[in-house]
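Asker: This is the content of coords-v2.pdb (PDB, C-alpha atoms and all ligand atoms):
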```
ATOM      1  CA  MET Y   1     -59.958  -0.116 -94.643
ATOM      2  CA  LYS Y   2     -61.437   2.761 -92.624
ATOM      3  CA  ALA Y   3     -58.815   4.155 -90.293
ATOM      4  CA  GLU Y   4     -59.332   6.772 -87.637
ATOM      5  CA  VAL Y   5     -57.021   9.428 -86.258
ATOM      6  CA  VAL Y   6     -57.524  10.562 -82.674
ATOM      7  CA  SER Y   7     -55.727  13.462 -81.040
ATOM      8  CA  MET Y   8     -54.470  13.235 -77.531
ATOM      9  CA  LYS Y   9     -52.404  15.586 -75.391
ATOM     10  CA  ALA Y  10     -49.644  13.994 -73.331
ATOM     11  CA  ASP Y  11     -51.073  15.566 -70.175
ATOM     12  CA  LYS Y  12     -54.700  14.739 -70.992
ATOM     13  CA  LEU Y  13     -55.159  11.166 -72.123
ATOM     14  CA  ASP Y  14     -58.317  10.197 -74.005
ATOM     15  CA  MET Y  15     -59.102   6.927 -72.207
ATOM     16  CA  GLU Y  16     -61.961   6.119 -74.570
ATOM     17  CA  ALA Y  17     -59.586   6.285 -77.578
ATOM     18  CA  ILE Y  18     -57.011   4.247 -75.696
ATOM     19  CA  ARG Y  19     -59.626   1.569 -74.991
ATOM     20  CA  ARG Y  20     -60.574   1.451 -78.706
ATOM     21  CA  GLY Y  21     -56.901   1.232 -79.654
ATOM     22  CA  GLY Y  22     -56.420  -1.566 -77.139
ATOM     23  CA  ASP Y  23     -59.357  -3.474 -78.660
ATOM     24  CA  ILE Y  24     -57.912  -3.114 -82.181
ATOM     25  CA  LEU Y  25     -54.566  -4.482 -80.947
ATOM     26  CA  LYS Y  26     -56.308  -7.362 -79.136
ATOM     27  CA  GLN Y  27     -58.076  -8.262 -82.374
ATOM     28  CA  GLY Y  28     -54.845  -8.349 -84.357
ATOM     29  CA  GLY Y  29     -55.080  -4.868 -85.927
ATOM     30  CA  LEU Y  30     -52.424  -2.148 -86.232
ATOM     31  CA  VAL Y  31     -52.321   1.095 -84.239
ATOM     32  CA  ALA Y  32     -49.703   3.831 -84.666
ATOM     33  CA  PHE Y  33     -48.993   5.584 -81.380
ATOM     34  CA  PRO Y  34     -46.557   8.085 -79.870
ATOM     35  CA  THR Y  35     -43.675   6.968 -77.649
ATOM     36  CA  GLU Y  36     -40.944   9.123 -76.104
ATOM     37  CA  THR Y  37     -38.588   8.239 -78.973
ATOM     38  CA  VAL Y  38     -40.569   8.145 -82.254
ATOM     39  CA  TYR Y  39     -44.080   7.056 -83.367
ATOM     40  CA  GLY Y  40     -44.434   3.262 -83.202
ATOM     41  CA  LEU Y  41     -46.455   0.983 -85.468
ATOM     42  CA  GLY Y  42     -48.045  -1.353 -82.931
ATOM     43  CA  GLY Y  43     -49.474  -4.835 -83.289
ATOM     44  CA  SER Y  44     -49.892  -7.713 -80.847
ATOM     45  CA  GLY Y  45     -46.396  -9.104 -80.340
ATOM     46  CA  LEU Y  46     -47.710 -12.554 -79.442
ATOM     47  CA  CYS Y  47     -49.870 -12.913 -82.565
ATOM     48  CA  SER Y  48     -48.034 -14.120 -85.696
ATOM     49  CA  GLU Y  49     -50.733 -12.716 -87.958
ATOM     50  CA  ALA Y  50     -50.519  -9.204 -86.443
ATOM     51  CA  VAL Y  51     -46.732  -9.287 -86.676
ATOM     52  CA  ARG Y  52     -46.910 -10.292 -90.335
ATOM     53  CA  LYS Y  53     -49.155  -7.263 -90.939
ATOM     54  CA  ILE Y  54     -46.506  -4.983 -89.397
ATOM     55  CA  TYR Y  55     -43.793  -6.307 -91.730
ATOM     56  CA  GLU Y  56     -46.144  -5.946 -94.680
ATOM     57  CA  ALA Y  57     -47.277  -2.387 -93.848
ATOM     58  CA  LYS Y  58     -43.671  -1.238 -93.426
ATOM     59  CA  GLY Y  59     -42.214  -3.278 -96.277
ATOM     60  CA  ARG Y  60     -39.723  -4.495 -93.676
ATOM     61  CA  PRO Y  61     -37.758  -7.721 -94.244
ATOM     62  CA  SER Y  62     -39.278 -10.348 -91.935
ATOM     63  CA  ASP Y  63     -35.870 -11.387 -90.563
ATOM     64  CA  ASN Y  64     -35.423  -7.938 -88.946
ATOM     65  CA  PRO Y  65     -36.682  -8.604 -85.384
ATOM     66  CA  LEU Y  66     -39.221  -6.418 -83.586
ATOM     67  CA  ILE Y  67     -39.089  -4.899 -80.100
ATOM     68  CA  LEU Y  68     -41.874  -5.852 -77.664
ATOM     69  CA  HIS Y  69     -43.248  -2.974 -75.586
ATOM     70  CA  ILE Y  70     -44.649  -3.648 -72.122
ATOM     71  CA  SER Y  71     -46.450  -1.445 -69.595
ATOM     72  CA  LYS Y  72     -45.433  -3.178 -66.351
ATOM     73  CA  ARG Y  73     -42.432  -5.105 -65.109
ATOM     74  CA  GLU Y  74     -44.620  -8.199 -64.394
ATOM     75  CA  GLU Y  75     -45.419  -8.550 -68.110
ATOM     76  CA  LEU Y  76     -41.783  -9.478 -68.690
ATOM     77  CA  ASP Y  77     -42.130 -12.858 -66.966
ATOM     78  CA  ALA Y  78     -44.341 -14.254 -69.751
ATOM     79  CA  ILE Y  79     -41.898 -13.377 -72.539
ATOM     80  CA  ALA Y  80     -38.382 -13.611 -71.005
ATOM     81  CA  ALA Y  81     -37.223 -17.102 -70.036
ATOM     82  CA  ARG Y  82     -34.482 -15.856 -67.702
ATOM     83  CA  ILE Y  83     -33.982 -12.447 -66.110
ATOM     84  CA  PRO Y  84     -30.321 -12.005 -65.094
ATOM     85  CA  GLU Y  85     -29.229  -9.835 -62.156
ATOM     86  CA  THR Y  86     -27.597  -7.279 -64.512
ATOM     87  CA  ALA Y  87     -30.937  -6.875 -66.293
ATOM     88  CA  GLU Y  88     -32.695  -6.177 -62.979
ATOM     89  CA  LYS Y  89     -30.188  -3.410 -62.254
ATOM     90  CA  LEU Y  90     -30.561  -1.868 -65.720
ATOM     91  CA  MET Y  91     -34.368  -1.995 -65.516
ATOM     92  CA  ASP Y  92     -34.338  -0.375 -62.059
ATOM     93  CA  ALA Y  93     -32.148   2.418 -63.412
ATOM     94  CA  PHE Y  94     -33.651   3.057 -66.877
ATOM     95  CA  TRP Y  95     -37.234   1.706 -67.078
ATOM     96  CA  PRO Y  96     -39.580   3.124 -68.052
ATOM     97  CA  GLY Y  97     -37.472   4.767 -70.755
ATOM     98  CA  PRO Y  98     -35.662   4.376 -74.098
ATOM     99  CA  MET Y  99     -33.640   1.277 -73.197
ATOM    100  CA  THR Y 100     -34.292  -2.096 -74.865
ATOM    101  CA  LEU Y 101     -32.999  -5.342 -73.351
ATOM    102  CA  ILE Y 102     -32.444  -8.645 -75.152
ATOM    103  CA  PHE Y 103     -33.555 -11.787 -73.231
ATOM    104  CA  GLU Y 104     -33.899 -15.471 -74.026
ATOM    105  CA  LYS Y 105     -37.495 -15.799 -75.232
ATOM    106  CA  THR Y 106     -40.290 -18.016 -73.901
ATOM    107  CA  LYS Y 107     -42.539 -20.137 -76.135
ATOM    108  CA  ALA Y 108     -45.218 -17.430 -75.881
ATOM    109  CA  VAL Y 109     -43.198 -15.254 -78.282
ATOM    110  CA  PRO Y 110     -43.617 -16.348 -81.916
ATOM    111  CA  TYR Y 111     -40.577 -16.598 -84.176
ATOM    112  CA  GLU Y 112     -42.274 -14.122 -86.527
ATOM    113  CA  THR Y 113     -41.707 -11.461 -83.832
ATOM    114  CA  THR Y 114     -38.039 -12.305 -83.278
ATOM    115  CA  GLY Y 115     -37.111 -12.845 -86.925
ATOM    116  CA  GLY Y 116     -36.368 -16.495 -86.140
ATOM    117  CA  LEU Y 117     -34.140 -15.801 -83.109
ATOM    118  CA  ASP Y 118     -34.406 -17.536 -79.718
ATOM    119  CA  THR Y 119     -34.025 -14.149 -78.040
ATOM    120  CA  VAL Y 120     -36.516 -11.312 -77.664
ATOM    121  CA  ALA Y 121     -36.072  -7.529 -77.415
ATOM    122  CA  VAL Y 122     -38.168  -5.780 -74.737
ATOM    123  CA  ARG Y 123     -38.642  -2.236 -73.542
ATOM    124  CA  MET Y 124     -41.015  -0.251 -71.328
ATOM    125  CA  PRO Y 125     -41.717   3.208 -72.775
ATOM    126  CA  SER Y 126     -41.862   6.236 -70.481
ATOM    127  CA  HIS Y 127     -44.637   7.836 -72.593
ATOM    128  CA  GLU Y 128     -47.752   7.613 -70.416
ATOM    129  CA  GLY Y 129     -50.188   7.252 -73.351
ATOM    130  CA  ALA Y 130     -48.068   4.465 -74.854
ATOM    131  CA  ARG Y 131     -48.065   2.526 -71.587
ATOM    132  CA  GLN Y 132     -51.844   2.990 -71.151
ATOM    133  CA  LEU Y 133     -52.430   1.682 -74.691
ATOM    134  CA  ILE Y 134     -50.242  -1.387 -74.064
ATOM    135  CA  GLU Y 135     -52.028  -2.035 -70.777
ATOM    136  CA  SER Y 136     -55.381  -1.724 -72.526
ATOM    137  CA  ALA Y 137     -54.257  -4.208 -75.223
ATOM    138  CA  GLY Y 138     -53.375  -6.712 -72.493
ATOM    139  CA  VAL Y 139     -50.461  -8.099 -74.531
ATOM    140  CA  PRO Y 140     -46.896  -6.985 -75.250
ATOM    141  CA  VAL Y 141     -47.005  -4.711 -78.299
ATOM    142  CA  ALA Y 142     -44.493  -5.139 -81.123
ATOM    143  CA  ALA Y 143     -43.758  -1.631 -82.367
ATOM    144  CA  PRO Y 144     -41.076  -0.683 -84.873
ATOM    145  CA  SER Y 145     -41.039   2.930 -86.044
ATOM    146  CA  ALA Y 146     -44.225   3.863 -87.905
ATOM    147  CA  ASN Y 147     -42.674   4.453 -91.337
ATOM    148  CA  THR Y 148     -42.172   2.403 -94.470
ATOM    149  CA  SER Y 149     -38.671   0.927 -94.628
ATOM    150  CA  GLY Y 150     -36.076   3.412 -95.823
ATOM    151  CA  ARG Y 151     -38.036   6.469 -94.650
ATOM    152  CA  PRO Y 152     -36.998   8.463 -91.573
ATOM    153  CA  SER Y 153     -38.604   7.553 -88.243
ATOM    154  CA  PRO Y 154     -41.675   9.765 -87.712
ATOM    155  CA  THR Y 155     -41.888  12.281 -84.864
ATOM    156  CA  THR Y 156     -45.382  13.570 -85.782
ATOM    157  CA  ALA Y 157     -48.684  11.819 -86.519
ATOM    158  CA  GLU Y 158     -48.879  13.816 -89.774
ATOM    159  CA  HIS Y 159     -45.758  12.016 -91.051
ATOM    160  CA  VAL Y 160     -47.273   8.664 -90.094
ATOM    161  CA  LYS Y 161     -50.462   9.513 -91.948
ATOM    162  CA  GLU Y 162     -48.666  10.600 -95.140
ATOM    163  CA  ASP Y 163     -46.655   7.394 -95.144
ATOM    164  CA  LEU Y 164     -48.949   4.624 -93.852
ATOM    165  CA  TRP Y 165     -52.549   5.803 -94.392
ATOM    166  CA  GLY Y 166     -54.683   2.959 -95.752
ATOM    167  CA  ARG Y 167     -52.484   0.231 -94.293
ATOM    168  CA  ILE Y 168     -53.248   0.669 -90.598
ATOM    169  CA  ASP Y 169     -56.399   0.773 -88.441
ATOM    170  CA  MET Y 170     -55.783   3.743 -86.153
ATOM    171  CA  ILE Y 171     -53.370   6.603 -85.512
ATOM    172  CA  ILE Y 172     -53.120   8.120 -82.052
ATOM    173  CA  ASP Y 173     -51.892  11.682 -82.508
ATOM    174  CA  GLY Y 174     -49.926  12.766 -79.469
ATOM    175  CA  GLY Y 175     -48.284  15.759 -81.158
ATOM    176  CA  LEU Y 176     -44.550  16.114 -81.695
ATOM    177  CA  VAL Y 177     -42.670  13.408 -79.783
ATOM    178  CA  GLY Y 178     -39.602  14.167 -77.750
ATOM    179  CA  ILE Y 179     -36.436  12.410 -78.672
ATOM    180  CA  GLY Y 180     -36.576  11.320 -82.309
ATOM    181  CA  VAL Y 181     -33.685   8.963 -81.506
ATOM    182  CA  GLU Y 182     -34.216   5.217 -81.115
ATOM    183  CA  SER Y 183     -33.797   3.228 -77.917
ATOM    184  CA  THR Y 184     -30.427   1.956 -76.748
ATOM    185  CA  ILE Y 185     -30.289  -1.853 -77.180
ATOM    186  CA  ILE Y 186     -28.389  -3.967 -74.639
ATOM    187  CA  ASP Y 187     -27.961  -7.747 -74.824
ATOM    188  CA  VAL Y 188     -28.155  -9.212 -71.308
ATOM    189  CA  THR Y 189     -28.207 -12.877 -72.304
ATOM    190  CA  GLU Y 190     -24.446 -13.278 -71.699
ATOM    191  CA  GLU Y 191     -22.475 -12.779 -68.475
ATOM    192  CA  THR Y 192     -21.177  -9.408 -69.734
ATOM    193  CA  PRO Y 193     -23.868  -7.074 -71.120
ATOM    194  CA  THR Y 194     -23.211  -5.799 -74.658
ATOM    195  CA  ILE Y 195     -24.508  -2.598 -76.239
ATOM    196  CA  LEU Y 196     -25.872  -3.649 -79.637
ATOM    197  CA  ARG Y 197     -27.178  -0.230 -80.670
ATOM    198  CA  PRO Y 198     -26.293   3.144 -79.169
ATOM    199  CA  GLY Y 199     -29.327   5.316 -78.510
ATOM    200  CA  HIS Y 200     -30.667   8.025 -76.258
ATOM    201  CA  ILE Y 201     -29.341   6.427 -73.038
TER     202      ILE Y 201
HETATM  203  P1  LIG I   1     -36.446  -0.828 -84.319
HETATM  204  O1  LIG I   1     -36.075  -0.847 -85.767
HETATM  205  O2  LIG I   1     -36.117   0.440 -83.608
HETATM  206  O3  LIG I   1     -37.828  -1.304 -84.071
HETATM  207  O4  LIG I   1     -35.509  -1.885 -83.593
HETATM  208  C1  LIG I   1     -35.435  -3.189 -84.054
HETATM  209  C2  LIG I   1     -34.008  -3.602 -83.933
HETATM  210  O5  LIG I   1     -33.778  -4.168 -82.645
HETATM  211  C3  LIG I   1     -33.627  -4.697 -84.892
HETATM  212  O6  LIG I   1     -33.320  -4.192 -86.140
HETATM  213  C4  LIG I   1     -32.429  -5.302 -84.193
HETATM  214  O7  LIG I   1     -31.279  -4.532 -84.463
HETATM  215  C5  LIG I   1     -32.774  -5.140 -82.724
HETATM  216  N1  LIG I   1     -33.314  -6.384 -82.174
HETATM  217  C6  LIG I   1     -34.591  -6.731 -82.024
HETATM  218  N2  LIG I   1     -34.709  -7.958 -81.518
HETATM  219  C7  LIG I   1     -33.457  -8.416 -81.326
HETATM  220  C8  LIG I   1     -32.898  -9.622 -80.835
HETATM  221  N3  LIG I   1     -33.671 -10.627 -80.414
HETATM  222  N4  LIG I   1     -31.561  -9.731 -80.801
HETATM  223  C9  LIG I   1     -30.763  -8.712 -81.200
HETATM  224  N5  LIG I   1     -31.227  -7.534 -81.686
HETATM  225  C10 LIG I   1     -32.555  -7.386 -81.753
HETATM  226 MG    MG I   2     -36.957   2.578 -87.724
END
```
Show the structure stored in the file as structure tokens.
Answerer:
Amino acid sequence: MKAEVVSMKADKLDMEAIRRGGDILKQGGLVAFPTETVYGLGGSGLCSEAVRKIYEAKGRPSDNPLILHISKREELDAIAARIPETAEKLMDAFWPGPMTLIFEKTKAVPYETTGGLDTVAVRMPSHEGARQLIESAGVPVAAPSANTSGRPSPTTAEHVKEDLWGRIDMIIDGGLVGIGVESTIIDVTEETPTILRPGHI
């Protein structure tokens, strides 16, 4: 597999590279990209085959569910069956940003993505390049951290390359990413929201 690495400054997006990355994702390929937390290993979250490739590249057990990344609030309607009032409030306050919400899933989301669960994890990253890439892909992007299982989550494209080169189609190098801490995960499927994983927020 011939992979390419493209460099991109956070304040100067390379729209041509983003379009190519979006095409790779559309076609079921894998693209590593910067987010505000860590580098993500992206694949189409609605395509079972792409999701299987993510698990394989990372050596991640396939019952460990993935988070879907969206670029706009409207994209949520296709993947979340019900959007409770508490979720609306949390999204207004913390999206885009490092907060993941758990919803009941729609049929559009394959069980490969959710590790067999009837719920789906969703977040909207605040990283501008990440959101542009997701928008260009035209589908929610499943993106766990871009490292093989057991390794630390990468905060530079160099780390991603050392670890995953040869198993992915493209790396978007956005330099050192900000937080290095994962997103906070909140389950909003029950009356009372529950924090499942503490994170940056
Ligand atoms: P990450 O490893 O940062 O990509 O986050 C994935 C983690 O999100 C999983 O290991 C779960 O802890 C959590 N997660 C993803 N989907 C769900 C879900 N449907 N229900 C509960 N937790 C989830
Ligand atoms: Mg990780």
Asker: If the PyMOL selection byres (((chain Y and resi 102) around 12) and not hetatm) is run on the structure shown, which residues does it catch, given as a PyMOL selection string?
Answerer: chain Y and resi 65-68+76+79-84+86-87+90-91+99-101+103-105+114+117-123+184-190+193-197
Asker: What separation in Å, quoted to one decimal, exists between CA of Pro96 in chain Y and CA of Leu41 in chain Y?
Answerer: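 Straight-line distance from CA of Pro96 in chain Y to CA of Leu41 in chain Y works out to 18.8 Å.
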Asker: Pick from Y:Ser153, Y:Ser136, Y:Ser48, Y:Ser7: nearest to Leu25 in chain Y, with all atoms listed in the file counted?
Answerer: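 The shortest atom-to-atom distance to Leu25 in chain Y comes from Y:Ser136.
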Asker: Given all atoms listed in the file as the basis, pick out the residue of Y:Glu85, Y:Val38, Y:Ala142, Y:Ile70 nearest to ligand MG 2 (chain I).
Answerer: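 Smallest distance to ligand MG 2 (chain I) is found for Y:Val38.
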Asker: Kindly resolve the PyMOL selection byres (((chain Y and resi 59) around 12) and not hetatm) on the present coordinates and return the residues as a list in words.
Answerer: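 Applied to this file, the PyMOL selection byres (((chain Y and resi 59) around 12) and not hetatm) selects Arg52, Lys53, Ile54, Tyr55, Glu56, Ala57, Lys58, Arg60, Pro61, Ser62, Asp63, Asn64, Pro144, Ala146, Asn147, Thr148, Ser149, Gly150, Arg151, Asp163, Leu164 and Arg167 of chain Y.
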Asker: How big is the axis-aligned box, and where does its centre sit, when it encloses all atoms of ligand LIG 1 (chain I) listed in the file and has 5 Å added on every side, reported in Å to one decimal as JSON?
Answerer:
```
{"center_x": -34.3, "center_y": -5.1, "center_z": -83.3, "size_x": 17.1, "size_y": 21.1, "size_z": 15.7}
```
Asker: What does the PyMOL selection byres (((chain Y and resi 4) around 7) and not hetatm) select in this file, as a CSV table (one decimal) with C-alpha atoms, in the coordinates of the input?
Answerer:
```
chain,number,residue,atom,x,y,z
Y,2,LYS,CA,-61.4,2.8,-92.6
Y,3,ALA,CA,-58.8,4.2,-90.3
Y,5,VAL,CA,-57.0,9.4,-86.3
Y,6,VAL,CA,-57.5,10.6,-82.7
Y,169,ASP,CA,-56.4,0.8,-88.4
Y,170,MET,CA,-55.8,3.7,-86.2
Y,171,ILE,CA,-53.4,6.6,-85.5
```
Asker: Please compute the CA of His127 in chain Y-CA of Gly21 in chain Y distance, one decimal, in Å.
Answerer: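 Here the two named atoms are 15.6 Å from each other.
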Asker: As number ranges by chain, please: the residues near Pro98 in chain Y (cut-off 8 Å, only C-alpha atoms, same-chain neighbours under 5 positions excluded).
Answerer: Y: 36-37, 123-126, 182-184, 199-201
Asker: At most 9 Å is the cut-off: for each residue in range 62-125 of chain Y with any atom that close to an atom of range 132-135 of chain Y, write down the nearest atom pair and the distance in Å rounded to one decimal, counting only C-alpha atoms, chain first then increasing number, as CSV.
Answerer:
```
residue,atom,partner,partner_atom,distance
Y:His69,CA,Y:Ile134,CA,7.3
Y:Ile70,CA,Y:Ile134,CA,6.3
Y:Ser71,CA,Y:Glu135,CA,5.7
Y:Lys72,CA,Y:Glu135,CA,8.0
```
Asker: Take CA of Ser44 in chain Y and CA of Glu16 in chain Y and report the distance between them in Å, one decimal.
Answerer: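 Going from CA of Ser44 in chain Y over to CA of Glu16 in chain Y covers 19.4 Å.
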Asker: Find the residues near Val109 in chain Y: any atom within 6 Å, counting only C-alpha atoms, skip ones fewer than 2 places away on the same chain, and give them as a list in words.
Answerer: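 The contact residues come out as Leu46, Thr106 and Lys107 of chain Y.
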